>>> print(open('upload-v5.txt').read())   # compact mmCIF, C-alpha atoms and all ligand atoms
# COMPACT_ATOMS: atom_id res chain seq x y z
CA MET M 113 -53.67 -140.64 29.69
CA SER M 114 -51.43 -138.17 27.92
CA VAL M 115 -51.63 -138.19 24.13
CA MET M 116 -48.41 -137.77 22.19
CA ALA M 117 -48.50 -135.07 19.56
CA MET M 118 -48.11 -136.04 15.90
CA ARG M 119 -46.32 -134.07 13.26
CA MET M 120 -48.88 -132.31 11.12
CA ASP M 121 -47.87 -134.03 7.86
CA GLN M 122 -48.08 -137.44 9.57
CA ALA M 123 -51.49 -136.63 11.00
CA VAL M 124 -52.76 -135.60 7.57
CA GLU M 125 -51.40 -138.78 5.97
CA ALA M 126 -52.91 -140.97 8.70
CA LEU M 127 -56.28 -139.23 8.53
CA ARG M 128 -56.31 -139.45 4.73
CA ALA M 129 -55.54 -143.15 4.91
CA ALA M 130 -58.27 -143.81 7.46
CA GLY M 131 -60.75 -141.38 5.90
CA GLU M 132 -62.25 -143.69 3.30
CA PRO M 133 -65.09 -146.17 3.84
CA THR M 134 -63.33 -149.41 2.82
CA ARG M 135 -60.19 -148.50 4.72
CA LEU M 136 -62.14 -147.62 7.84
CA ARG M 137 -63.92 -150.98 7.55
CA ILE M 138 -60.51 -152.70 7.28
CA LEU M 139 -59.28 -150.92 10.41
CA ALA M 140 -62.44 -151.94 12.29
CA LEU M 141 -61.88 -155.57 11.23
CA LEU M 142 -58.21 -155.62 12.19
CA ARG M 143 -59.07 -154.25 15.58
CA ARG M 144 -60.83 -157.58 16.14
CA GLU M 145 -57.93 -159.79 15.02
CA GLU M 146 -55.06 -160.12 12.59
CA LEU M 147 -56.32 -161.36 9.21
CA ALA M 148 -54.99 -162.83 5.98
CA VAL M 149 -55.59 -160.74 2.85
CA LEU M 150 -57.97 -163.31 1.37
CA GLU M 151 -60.05 -163.28 4.55
CA ILE M 152 -60.31 -159.49 4.40
CA CYS M 153 -61.43 -159.79 0.75
CA ARG M 154 -64.11 -162.30 1.74
CA VAL M 155 -65.47 -160.15 4.52
CA LEU M 156 -65.50 -156.97 2.42
CA ASP M 157 -66.66 -158.85 -0.68
CA GLN M 158 -64.10 -157.00 -2.77
CA SER M 159 -61.41 -158.18 -5.19
CA GLN M 160 -57.88 -158.83 -4.00
CA PRO M 161 -56.19 -156.11 -6.12
CA ARG M 162 -58.62 -153.57 -4.75
CA VAL M 163 -58.20 -154.62 -1.15
CA SER M 164 -54.42 -154.80 -1.57
CA ARG M 165 -54.36 -151.19 -2.79
CA HIS M 166 -56.22 -150.07 0.32
CA LEU M 167 -53.94 -152.13 2.56
CA LYS M 168 -50.86 -150.64 0.94
CA LEU M 169 -52.07 -147.12 1.69
CA LEU M 170 -52.88 -148.01 5.28
CA ALA M 171 -49.46 -149.61 5.72
CA GLU M 172 -47.66 -146.60 4.22
CA ALA M 173 -49.42 -144.35 6.73
CA GLY M 174 -48.29 -146.67 9.55
CA LEU M 175 -51.86 -147.59 10.49
CA VAL M 176 -51.46 -151.30 9.74
CA GLU M 177 -48.55 -153.69 9.62
CA ARG M 178 -48.01 -156.29 6.92
CA PHE M 179 -46.42 -159.61 7.81
CA PRO M 180 -45.85 -162.40 5.32
CA ASP M 181 -46.23 -165.92 6.67
CA GLY M 182 -45.21 -168.52 4.09
CA ALA M 183 -47.32 -167.99 0.97
CA TRP M 184 -49.93 -166.00 2.90
CA VAL M 185 -49.79 -162.34 3.87
CA PHE M 186 -51.38 -161.18 7.11
CA TYR M 187 -52.22 -157.70 8.35
CA ARG M 188 -52.69 -156.33 11.83
CA LEU M 189 -53.09 -152.86 13.32
CA GLY M 190 -49.83 -150.93 13.61
CA LEU M 191 -48.17 -151.99 16.82
CA GLU M 192 -47.29 -148.78 18.51
CA GLY M 193 -46.77 -145.10 18.21
CA GLN M 194 -49.04 -142.21 17.51
CA ALA M 195 -50.65 -143.76 14.45
CA ARG M 196 -51.83 -146.67 16.62
CA GLU M 197 -53.23 -144.25 19.20
CA LEU M 198 -54.97 -142.33 16.48
CA VAL M 199 -56.63 -145.48 15.10
CA GLY M 200 -57.71 -146.47 18.63
CA GLU M 201 -59.26 -143.07 19.26
CA LEU M 202 -60.89 -142.95 15.87
CA LEU M 203 -62.46 -146.39 16.16
CA ALA M 204 -63.63 -145.67 19.69
CA ARG M 205 -65.73 -142.86 18.23
CA VAL M 206 -67.24 -144.90 15.41
CA ASP M 207 -70.57 -146.60 16.01
CA MET M 208 -69.83 -150.32 15.61
CA ASP M 209 -73.57 -150.95 15.22
CA ASP M 210 -73.49 -149.10 11.93
CA PRO M 211 -75.13 -151.54 9.45
CA VAL M 212 -72.03 -151.84 7.24
CA LEU M 213 -69.67 -152.49 10.15
CA ALA M 214 -72.15 -154.85 11.79
CA ARG M 215 -72.43 -156.81 8.51
CA ASP M 216 -68.62 -157.02 8.31
CA ALA M 217 -68.49 -158.29 11.89
CA GLY M 218 -71.10 -160.92 11.00
CA ARG M 219 -69.12 -162.04 7.97
CA LEU M 220 -65.96 -162.20 10.04
CA GLU M 221 -67.84 -164.47 12.44
CA SER M 222 -68.71 -166.77 9.50
CA VAL M 223 -65.05 -166.83 8.39
CA ARG M 224 -64.05 -167.72 11.95
CA ALA M 225 -66.75 -170.37 12.24
CA GLU M 226 -65.61 -171.99 8.97
CA ARG M 227 -62.03 -171.95 10.15
CA ALA M 228 -63.03 -173.55 13.46
CA ALA M 229 -65.20 -176.17 11.72
CA GLU M 230 -62.38 -177.16 9.35
CA ALA M 231 -59.89 -177.40 12.22
CA GLY M 232 -62.40 -179.30 14.38
CA ALA M 233 -63.08 -181.79 11.57
CA TYR M 234 -59.35 -182.23 11.06
CA PHE M 235 -58.75 -182.98 14.75
CA ALA M 236 -61.76 -185.30 14.88
CA ARG M 237 -60.42 -187.22 11.84
CA ASN M 238 -56.89 -187.37 13.17
CA ALA M 239 -57.50 -187.82 16.88
CA ALA M 240 -56.39 -191.44 17.03
CA ALA M 241 -53.35 -190.93 14.79
CA TRP M 242 -52.34 -187.61 16.33
CA ASP M 243 -49.23 -188.76 18.20
CA GLU M 244 -47.97 -190.41 15.03
CA ILE M 245 -48.56 -187.23 12.99
CA ARG M 246 -46.79 -185.19 15.64
CA SER M 247 -43.69 -187.34 15.54
CA LEU M 248 -43.34 -186.72 11.79
CA TYR M 249 -42.08 -183.24 12.49
CA VAL M 250 -39.57 -183.39 15.31
CA SER M 251 -37.57 -185.55 17.66
CA GLU M 252 -40.10 -185.91 20.44
CA THR M 253 -37.61 -187.16 23.00
CA ASP M 254 -35.45 -184.05 22.71
CA VAL M 255 -38.44 -181.71 22.77
CA GLU M 256 -39.92 -183.39 25.81
CA ALA M 257 -36.60 -183.26 27.70
CA ALA M 258 -36.37 -179.54 26.91
CA ILE M 259 -39.96 -178.98 28.04
CA ARG M 260 -39.25 -180.75 31.34
CA ALA M 261 -36.22 -178.51 31.84
CA ALA M 262 -38.12 -175.32 30.94
CA ALA M 263 -41.01 -176.24 33.26
CA GLY M 264 -38.66 -176.41 36.24
CA PRO M 265 -38.38 -179.28 38.73
CA GLY M 266 -41.83 -179.02 40.31
CA PRO M 267 -43.77 -180.27 42.07
CA TYR M 268 -46.45 -178.08 40.49
CA ARG M 269 -49.49 -177.40 42.59
CA ARG M 270 -51.72 -176.89 39.57
CA LEU M 271 -50.87 -177.65 35.95
CA VAL M 272 -53.08 -176.41 33.11
CA ASP M 273 -52.53 -177.78 29.60
CA LEU M 274 -54.42 -175.71 27.04
CA GLY M 275 -55.27 -177.53 23.78
CA THR M 276 -54.26 -180.75 25.47
CA GLY M 277 -55.09 -182.90 22.41
CA SER M 278 -54.16 -186.50 23.14
CA GLY M 279 -52.88 -185.49 26.59
CA ARG M 280 -49.19 -185.94 25.91
CA MET M 281 -48.18 -182.93 28.02
CA LEU M 282 -50.36 -184.20 30.87
CA SER M 283 -48.64 -187.56 30.85
CA LEU M 284 -45.23 -185.87 30.67
CA LEU M 285 -45.75 -183.21 33.35
CA GLY M 286 -48.78 -184.54 35.26
CA PRO M 287 -46.75 -186.98 37.41
CA HIS M 288 -45.03 -183.90 38.91
CA ALA M 289 -48.30 -182.04 39.58
CA GLN M 290 -50.63 -182.23 42.54
CA ALA M 291 -53.58 -181.35 40.29
CA ALA M 292 -53.85 -181.02 36.53
CA ILE M 293 -56.41 -179.81 34.01
CA GLY M 294 -56.32 -180.52 30.29
CA LEU M 295 -58.63 -178.39 28.16
CA ASP M 296 -59.52 -178.93 24.50
CA LEU M 297 -62.19 -177.97 22.00
CA SER M 298 -62.34 -181.43 20.41
CA GLN M 299 -64.31 -184.12 22.21
CA GLN M 300 -62.54 -186.77 20.13
CA MET M 301 -59.15 -185.51 21.28
CA LEU M 302 -60.37 -185.41 24.88
CA ASN M 303 -61.47 -189.05 24.61
CA ILE M 304 -57.96 -190.06 23.58
CA ALA M 305 -56.53 -187.93 26.39
CA ARG M 306 -58.84 -189.64 28.90
CA SER M 307 -57.53 -193.08 28.03
CA ARG M 308 -53.94 -191.91 28.07
CA VAL M 309 -54.28 -190.19 31.44
CA SER M 310 -55.80 -193.29 32.98
CA GLU M 311 -53.11 -195.53 31.43
CA VAL M 312 -50.45 -193.35 33.06
CA GLY M 313 -52.40 -193.56 36.34
CA LEU M 314 -52.82 -189.81 36.81
CA GLU M 315 -55.42 -189.39 39.50
CA ALA M 316 -55.87 -185.69 40.12
CA CYS M 317 -56.30 -184.92 36.43
CA GLU M 318 -59.40 -183.36 34.97
CA LEU M 319 -60.20 -183.21 31.26
CA ARG M 320 -62.48 -180.39 30.22
CA HIS M 321 -64.16 -179.39 27.04
CA GLY M 322 -63.41 -175.70 26.50
CA ASP M 323 -62.03 -172.94 24.37
CA ILE M 324 -58.55 -171.54 24.85
CA PHE M 325 -59.91 -168.04 24.19
CA ALA M 326 -62.31 -168.22 27.13
CA THR M 327 -61.22 -171.02 29.43
CA ARG M 328 -63.48 -170.01 32.34
CA LEU M 329 -60.68 -171.09 34.66
CA PRO M 330 -59.91 -168.84 37.63
CA ALA M 331 -57.24 -166.16 37.21
CA GLN M 332 -53.72 -166.59 38.60
CA THR M 333 -54.23 -170.06 40.06
CA ALA M 334 -51.89 -172.28 38.00
CA ASP M 335 -48.20 -172.48 38.69
CA LEU M 336 -47.58 -174.12 35.31
CA VAL M 337 -49.54 -173.39 32.13
CA VAL M 338 -48.59 -175.12 28.88
CA VAL M 339 -49.65 -174.31 25.31
CA HIS M 340 -47.98 -176.99 23.22
CA GLN M 341 -48.35 -176.94 19.42
CA VAL M 342 -51.67 -175.11 19.50
CA LEU M 343 -51.00 -171.45 18.62
CA HIS M 344 -50.34 -172.09 14.92
CA TYR M 345 -53.95 -173.27 14.44
CA LEU M 346 -55.53 -170.18 15.94
CA GLY M 347 -57.01 -167.07 14.37
CA ASP M 348 -55.94 -164.82 17.22
CA PRO M 349 -52.80 -166.25 18.85
CA ALA M 350 -52.22 -163.06 20.85
CA ALA M 351 -55.62 -163.46 22.54
CA ALA M 352 -54.81 -167.09 23.39
CA VAL M 353 -51.52 -166.00 24.96
CA ARG M 354 -53.41 -163.37 26.99
CA GLU M 355 -55.86 -165.96 28.30
CA ALA M 356 -53.07 -168.45 29.08
CA ALA M 357 -51.11 -165.73 30.91
CA ARG M 358 -54.20 -164.76 32.90
CA LEU M 359 -54.16 -168.21 34.51
CA VAL M 360 -50.54 -168.03 35.71
CA ALA M 361 -50.22 -167.60 39.49
CA ASP M 362 -47.69 -165.34 41.17
CA GLY M 363 -44.36 -167.14 40.81
CA GLY M 364 -45.78 -169.45 38.13
CA ARG M 365 -44.68 -170.12 34.55
CA LEU M 366 -46.18 -170.22 31.10
CA LEU M 367 -44.60 -172.44 28.45
CA ILE M 368 -45.44 -171.92 24.81
CA VAL M 369 -44.12 -174.55 22.45
CA ASP M 370 -44.47 -174.00 18.72
CA PHE M 371 -42.44 -173.72 15.55
CA ALA M 372 -39.95 -171.05 14.48
CA PRO M 373 -40.97 -169.33 11.20
CA HIS M 374 -40.81 -171.87 8.34
CA LYS M 375 -41.96 -172.40 4.77
CA HIS M 376 -43.73 -175.77 4.90
CA GLU M 377 -46.87 -174.70 3.11
CA PHE M 378 -48.18 -178.30 3.10
CA LEU M 379 -48.86 -177.97 6.83
CA ARG M 380 -51.34 -175.26 5.97
CA GLU M 381 -52.85 -177.16 3.06
CA GLN M 382 -53.04 -180.62 4.63
CA HIS M 383 -52.87 -180.08 8.37
CA GLN M 384 -54.89 -176.94 9.07
CA HIS M 385 -51.96 -174.84 10.26
CA ARG M 386 -52.86 -171.18 9.99
CA ARG M 387 -49.51 -169.64 10.90
CA LEU M 388 -46.21 -171.06 9.65
CA GLY M 389 -44.35 -170.59 12.93
CA PHE M 390 -43.78 -167.51 15.07
CA ALA M 391 -41.04 -164.93 15.41
CA ASP M 392 -39.52 -164.45 18.86
CA ALA M 393 -40.41 -160.76 18.79
CA ASP M 394 -44.15 -161.48 18.41
CA ILE M 395 -44.36 -164.08 21.17
CA GLU M 396 -42.22 -161.98 23.49
CA ARG M 397 -44.38 -158.92 22.97
CA TRP M 398 -47.60 -160.87 23.56
CA LEU M 399 -46.20 -162.34 26.77
CA LYS M 400 -45.02 -158.99 28.06
CA ASP M 401 -48.28 -157.29 27.09
CA ALA M 402 -50.05 -160.03 29.05
CA GLY M 403 -48.12 -159.02 32.18
CA LEU M 404 -45.49 -161.78 32.26
CA GLY M 405 -41.77 -161.17 32.52
CA ARG M 406 -38.43 -162.89 32.25
CA VAL M 407 -39.21 -164.25 28.80
CA LYS M 408 -36.73 -166.82 27.49
CA ALA M 409 -36.64 -168.62 24.17
CA ALA M 410 -34.97 -171.95 23.47
CA ALA M 411 -34.61 -173.41 19.97
CA LEU M 412 -34.46 -177.08 19.07
CA PRO M 413 -33.23 -177.35 15.51
CA PRO M 414 -34.29 -180.32 13.37
CA ALA M 415 -32.00 -183.24 12.59
CA ASP M 416 -32.03 -182.43 8.88
CA ALA M 417 -32.10 -178.98 7.31
CA ALA M 418 -35.52 -179.52 5.73
CA GLY M 419 -37.16 -180.13 9.13
CA LEU M 420 -38.83 -177.76 11.55
CA THR M 421 -37.25 -175.91 14.46
CA VAL M 422 -39.26 -176.22 17.65
CA LYS M 423 -39.20 -173.24 20.00
CA ILE M 424 -39.97 -173.15 23.69
CA TRP M 425 -40.82 -169.73 25.07
CA THR M 426 -40.96 -169.51 28.86
CA ALA M 427 -42.30 -166.58 30.85
CA GLN M 428 -42.94 -166.02 34.52
CA ARG M 429 -45.22 -163.95 36.66
CA GLY M 430 -44.16 -161.85 39.59
CA ARG M 431 -42.25 -163.37 42.45
CA GLU M 432 -40.03 -165.83 40.60
CA ALA M 433 -39.45 -163.43 37.72
CA ARG M 434 -38.34 -160.74 40.16
CA ARG M 435 -36.03 -163.14 42.00
CA ASN M 436 -34.43 -164.39 38.79
CA ALA M 437 -34.01 -160.88 37.47
CA ALA M 438 -32.23 -159.79 40.66
C1 LIG I 501 -51.79 -180.06 17.41
S1 LIG I 501 -52.87 -180.49 18.65
C2 LIG I 501 -51.72 -180.42 19.99
C3 LIG I 501 -52.20 -181.17 21.15
C4 LIG I 501 -51.23 -181.29 22.31
N1 LIG I 501 -50.97 -180.00 22.95
C5 LIG I 501 -49.99 -181.99 21.82
O1 LIG I 501 -48.99 -181.34 21.63
O2 LIG I 501 -50.04 -183.18 21.59
C6 LIG I 501 -53.77 -178.99 18.83
C7 LIG I 501 -54.94 -179.15 19.77
O3 LIG I 501 -55.49 -177.86 19.97
C8 LIG I 501 -56.88 -178.01 20.06
N2 LIG I 501 -57.51 -176.73 19.81
C9 LIG I 501 -57.58 -176.05 18.63
N3 LIG I 501 -58.24 -174.89 18.81
C10 LIG I 501 -58.59 -174.84 20.13
C11 LIG I 501 -59.29 -173.90 20.92
N4 LIG I 501 -59.78 -172.76 20.40
N5 LIG I 501 -59.46 -174.17 22.23
C12 LIG I 501 -58.98 -175.32 22.78
N6 LIG I 501 -58.33 -176.25 22.07
C13 LIG I 501 -58.13 -176.01 20.77
C14 LIG I 501 -57.22 -179.05 19.02
O4 LIG I 501 -58.47 -179.64 19.25
C15 LIG I 501 -56.05 -180.02 19.20
O5 LIG I 501 -56.36 -181.03 20.10
>>> encode(input="upload-v5.txt", output="structure tokens")
Amino acid sequence: MSVMAMRMDQAVEALRAAGEPTRLRILALLRREELAVLEICRVLDQSQPRVSRHLKLLAEAGLVERFPDGAWVFYRLGLEGQARELVGELLARVDMDDPVLARDAGRLESVRAERAAEAGAYFARNAAAWDEIRSLYVSETDVEAAIRAAAGPGPYRRLVDLGTGSGRMLSLLGPHAQAAIGLDLSQQMLNIARSRVSEVGLEACELRHGDIFATRLPAQTADLVVVHQVLHYLGDPAAAVREAARLVADGGRLLIVDFAPHKHEFLREQHQHRRLGFADADIERWLKDAGLGRVKAAALPPADAAGLTVKIWTAQRGREARRNAA
């Protein structure tokens, strides 16, 4: 791989920014996933003003990128360019078993585990009422009609619904699929989905306990993969998109349904949302990085201005994408 040359002053600034223990620890953490400032403080066990000073320096040198999301501020590694390459090369040479970095990784695991436990408890508590909670936000009929349109006419040979929850997407799209799998981390949610799927009379439909980050489903075997209102709960949405994309067969489609960026902080406080919606540019980049093409975004604005805009991002793999692009 050819390495692009950096201007000397940029290289010095980048190396200065990275050349300090706390800042190197931050870079090593952000290589694992994007993190909110408070989470970085918890892992490093340092005060927010101190951590923010380090983050500012890293951002000024182009090594990390700051992105506000409602009242929270997240950081991730700089997206591209020479500074990104430099960080990659630098971290590849650092021993991740170093006791300080290993302790940080352990603390990050605890932060993740807490996050997952809180979300799991929320879904367990709300499993039965989930459909009702969902309908508070948006006009379900319009969203479902748009999802049907984005999914294409079918029939689908194999439908995979990741984070299936109460199985609504399975009952909507399953009748047009020869085989369907709904996967979810919450057993309570899966129980609701089981009853719903049998009420609808879906026969070739399997409900599986599993994690969207490691589905253990075979690569490139589904002609329709759906991730409906799941990404905003996740610590590493880009990794979930990668795993979802991995499942899409040649000619198949991935549908991601979530919110446009918004400011409803109560969803974070009361409903375990981690991200307050997603920008088109982020989702499109994740889809393209995951090898899918022909990305389209549709927006369904709310009935009243205070509501939430639902977005449907559709991407395709290979054959169909090439045909449509022609
Ligand atoms: C808001 S519900 C949406 C459910 C369904 N897609 C719908 O729209 O009705 C989010 C679902 O994602 C599931 N979930 C959260 N994190 C997950 C993970 N890491 N792997 C699989 N499912 C997950 C939750 O258990 C929950 O059922």
>>> residues_near_ligand(input="upload-v5.txt", ligand="ligand LIG 501 (chain I)", cutoff="8 Å", atoms="all atoms listed in the file", output="count of residues only")
37
>>> atom_distance(input="upload-v5.txt", atom1="CA of Ala351 (chain M)", atom2="CA of Leu366 (chain M)")
14.4 Å
>>> atom_distance(input="upload-v5.txt", atom1="CA of Gly286 (chain M)", atom2="CA of Val309 (chain M)")
8.8 Å
>>> residues_near_point(input="upload-v5.txt", point="(-52.9, -180.2, 34.2)", cutoff="6 Å", atoms="all atoms listed in the file", output="ChimeraX atom specification")
/M:271-273,282,292-294
>>> closest_residue(input="upload-v5.txt", among="M:Pro161, M:Val155, M:Asn238, M:Ala130", to="Arg196 (chain M)", atoms="all atoms listed in the file")
M:Ala130
>>> atom_distance(input="upload-v5.txt", atom1="CA of Leu175 (chain M)", atom2="CA of Lys400 (chain M)")
22.0 Å
>>> closest_residue(input="upload-v5.txt", among="M:Ser283, M:Pro330, M:Arg219, M:Leu203", to="Ser307 (chain M)", atoms="all atoms listed in the file")
M:Ser283
>>> residues_around(input="upload-v5.txt", residues="Phe378 (chain M)", least_positions_apart="5", cutoff="12 Å", atoms="only C-alpha atoms", output="PDB file with C-alpha atoms, keeping the file's coordinate frame")
ATOM      1  CA  GLY M 182     -45.210-168.520   4.090  1.00  0.00           C
ATOM      2  CA  ALA M 183     -47.320-167.990   0.970  1.00  0.00           C
ATOM      3  CA  HIS M 383     -52.870-180.080   8.370  1.00  0.00           C
ATOM      4  CA  GLN M 384     -54.890-176.940   9.070  1.00  0.00           C
ATOM      5  CA  HIS M 385     -51.960-174.840  10.260  1.00  0.00           C
ATOM      6  CA  ARG M 386     -52.860-171.180   9.990  1.00  0.00           C
ATOM      7  CA  ARG M 387     -49.510-169.640  10.900  1.00  0.00           C
ATOM      8  CA  LEU M 388     -46.210-171.060   9.650  1.00  0.00           C
TER       9      LEU M 388
END
>>> closest_residue(input="upload-v5.txt", among="M:Val422, M:Val337, M:Ala356, M:Leu141", to="Gly218 (chain M)", atoms="only C-alpha atoms")
M:Leu141
>>> residues_near_point(input="upload-v5.txt", point="(-42.8, -165.3, 16.1)", cutoff="12 Å", atoms="only C-alpha atoms", output="count of residues only")
32
>>> closest_residue(input="upload-v5.txt", among="M:Arg354, M:Arg205, M:Arg306, M:Arg128", to="Ala326 (chain M)", atoms="all atoms listed in the file")
M:Arg354
>>> residues_around(input="upload-v5.txt", residues="Glu177 (chain M)", least_positions_apart="3", cutoff="7 Å", atoms="all atoms listed in the file", output="list in words")
Ala171, Tyr187, Arg188, Leu189 and Gly190 of chain M
>>> closest_residue(input="upload-v5.txt", among="M:Leu367, M:Ala225, M:Glu146, M:Arg237", to="Ala258 (chain M)", atoms="only C-alpha atoms")
M:Leu367
>>> residues_around(input="upload-v5.txt", residues="Arg162 (chain M)", least_positions_apart="6", cutoff="12 Å", atoms="only C-alpha atoms", output="list in words")
Thr134, Arg135, Val149, Leu150, Ile152, Cys153, Leu156, Lys168 and Leu169 of chain M
>>> decode(input="upload-v5.txt", residues="region 149-182 of chain M", atoms="C-alpha atoms", output="tab-separated table (two decimals), in the first residue's frame")
chain	number	residue	atom	x	y	z
M	149	VAL	CA	-16.80	12.41	26.30
M	150	LEU	CA	-18.16	11.21	29.64
M	151	GLU	CA	-17.42	7.61	28.70
M	152	ILE	CA	-13.83	8.53	27.83
M	153	CYS	CA	-13.54	10.28	31.23
M	154	ARG	CA	-14.82	7.16	32.99
M	155	VAL	CA	-12.39	4.86	31.24
M	156	LEU	CA	-9.40	7.15	31.79
M	157	ASP	CA	-10.56	8.07	35.30
M	158	GLN	CA	-9.81	11.72	34.59
M	159	SER	CA	-11.88	14.89	34.94
M	160	GLN	CA	-13.92	16.22	32.04
M	161	PRO	CA	-12.02	19.54	31.65
M	162	ARG	CA	-8.76	17.63	31.46
M	163	VAL	CA	-10.01	15.09	28.96
M	164	SER	CA	-11.66	17.85	26.90
M	165	ARG	CA	-8.34	19.68	26.64
M	166	HIS	CA	-6.67	16.55	25.29
M	167	LEU	CA	-9.54	15.94	22.86
M	168	LYS	CA	-9.33	19.51	21.60
M	169	LEU	CA	-5.66	19.09	20.78
M	170	LEU	CA	-6.27	15.79	19.02
M	171	ALA	CA	-9.11	17.34	17.01
M	172	GLU	CA	-7.01	20.36	16.01
M	173	ALA	CA	-4.33	18.02	14.68
M	174	GLY	CA	-7.00	16.17	12.66
M	175	LEU	CA	-6.46	12.92	14.55
M	176	VAL	CA	-9.99	12.75	15.94
M	177	GLU	CA	-13.34	14.13	14.89
M	178	ARG	CA	-15.85	15.71	17.24
M	179	PHE	CA	-19.55	15.28	16.59
M	180	PRO	CA	-22.26	16.67	18.84
M	181	ASP	CA	-25.38	14.56	19.18
M	182	GLY	CA	-28.09	16.37	21.15
